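Below: the structure, in structure tokens.
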Amino acid sequence: MLVRLLYVSRAVDQNSGKPANPEVPLAEESESIMSSSRSYNMSNGITGILCYGGGIYLQAIEGGRTEVNKLYNHIIRDTRHTDVVLLHYQEIRERRFSGWTMGQVNLSKLNTSIVLKYSERPELDPYSVSGDVSMALLEELMLTASIIGRA
């Protein structure tokens, strides 16, 4: 059985162990997450997409129920994340992100009016909206932003 899971978390600055400053990009930490995701996901039948901006990760993962649940439990314990919140979980008939072992939305090319369409302010903040709204935003970001690492 296939499932899709959507969660949000705050990035952790590995130097201080505290939530990352939203104004400071964490290229090294994000690349570390992308690299480990791609290698793990390929061998475990997981696909998905990661969105990072303003110190917040928004990630959709999909695959077999057991594997997705195991991965989510690992993410909760991962020291690169804090404030992990499950936004949406559903059984699915088919994958939405089948082309990506882990794609990444390039927020540097993001039109803030897209984010404003789904929230009160033009800032990525999935903590302040519903899981359905976060999923709609993520799907629109996929269509309008460039996807890095389609592997």
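Chain labels follow the order of the structure tokens: the first chain is A, the next B, and so on; residue numbering restarts at 1 in every chain, and ligands are counted from 1 in their shown order.
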
Item to complete: Would you kindly return, as an MDAnalysis selection string, each protein, DNA or RNA residue with an atom no farther than 10 Å from any atom of Glu91 (chain A), considering only C-alpha atoms and excluding same-chain residues fewer than 3 positions away?
Response: chainID A and resid 1:5 62:65 94

Discussion item. Among region 52-147 of chain A, which residues does DSSP mark as helix (DSSP H, G or I) when it is run on the backbone? Keep the chain and numbering as in the structure and answer as an MDAnalysis selection string.
Written reply: chainID A and resid 65:77 107:109 112:118 126:128 131:144

Worksheet item: Out of A:Val8, A:Met135, A:Ile46, A:Val129, which residue has the shortest atom-to-atom distance to Val68 (chain A) when counting only C-alpha atoms?
Response: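 Using only C-alpha atoms, the shortest distance to Val68 (chain A) belongs to A:Ile46.
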
Discussion item. With only C-alpha atoms as the counted atoms, please give the residues lying no more than 10 Å from region 75-90 of chain A, apart from itself and same-chain residues fewer than 3 positions off, as a count of residues only.
Written reply: 43

Practice prompt. From region 83-139 of chain A, collect each residue whose DSSP state is strand (DSSP E) and return the set as a VMD selection string.
Written response: chain A and resid 83 to 92 103 to 105

Output C-alpha atoms of each residue in that selection to a file, as a PDB file, in the first residue's frame.
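Result saved to selection_24.pdb:
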ATOM      1  CA  ASP A  83       9.852  21.023  15.934  1.00  0.00           C
ATOM      2  CA  VAL A  84       8.890  18.214  13.523  1.00  0.00           C
ATOM      3  CA  VAL A  85       5.109  18.273  12.903  1.00  0.00           C
ATOM      4  CA  LEU A  86       3.090  15.849  10.792  1.00  0.00           C
ATOM      5  CA  LEU A  87       0.852  17.946   8.522  1.00  0.00           C
ATOM      6  CA  HIS A  88      -0.770  15.365   6.285  1.00  0.00           C
ATOM      7  CA  TYR A  89      -0.821  11.578   5.884  1.00  0.00           C
ATOM      8  CA  GLN A  90      -2.868   9.678   3.343  1.00  0.00           C
ATOM      9  CA  GLU A  91      -3.148   6.419   1.455  1.00  0.00           C
ATOM     10  CA  ILE A  92      -2.610   7.064  -2.257  1.00  0.00           C
ATOM     11  CA  GLY A 103      13.750  16.610  -5.504  1.00  0.00           C
ATOM     12  CA  GLN A 104      14.337  20.026  -4.009  1.00  0.00           C
ATOM     13  CA  VAL A 105      12.340  23.175  -4.693  1.00  0.00           C
TER      14      VAL A 105
END

Practice prompt. Would you work out the distance separating CA of Arg95 (chain A) from CA of Pro122 (chain A), expressed in Å to one decimal?
Written response: 28.8 Å

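Using only C-alpha atoms, the shortest contact distance between Gly53 (chain A) and any of A:Leu124, A:Leu143, A:Leu137, A:Val115 is found at A:Leu124.
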
Fill in: Among the residues A:Met142, A:Gly55, A:Ala136, A:Glu67, the one that comes closest to Met42 (chain A) [using only C-alpha atoms]
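Nearest to Met42 (chain A): A:Glu67.
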
Response to the item:
Expressed in Å, the length from CA of Asn111 (chain A) to CA of Thr144 (chain A) is 8.4 Å

Worksheet, complete the sentence: In Å and to one decimal, CA of Glu120 (chain A) is distant from CA of Phe97 (chain A) by 27.3 Å
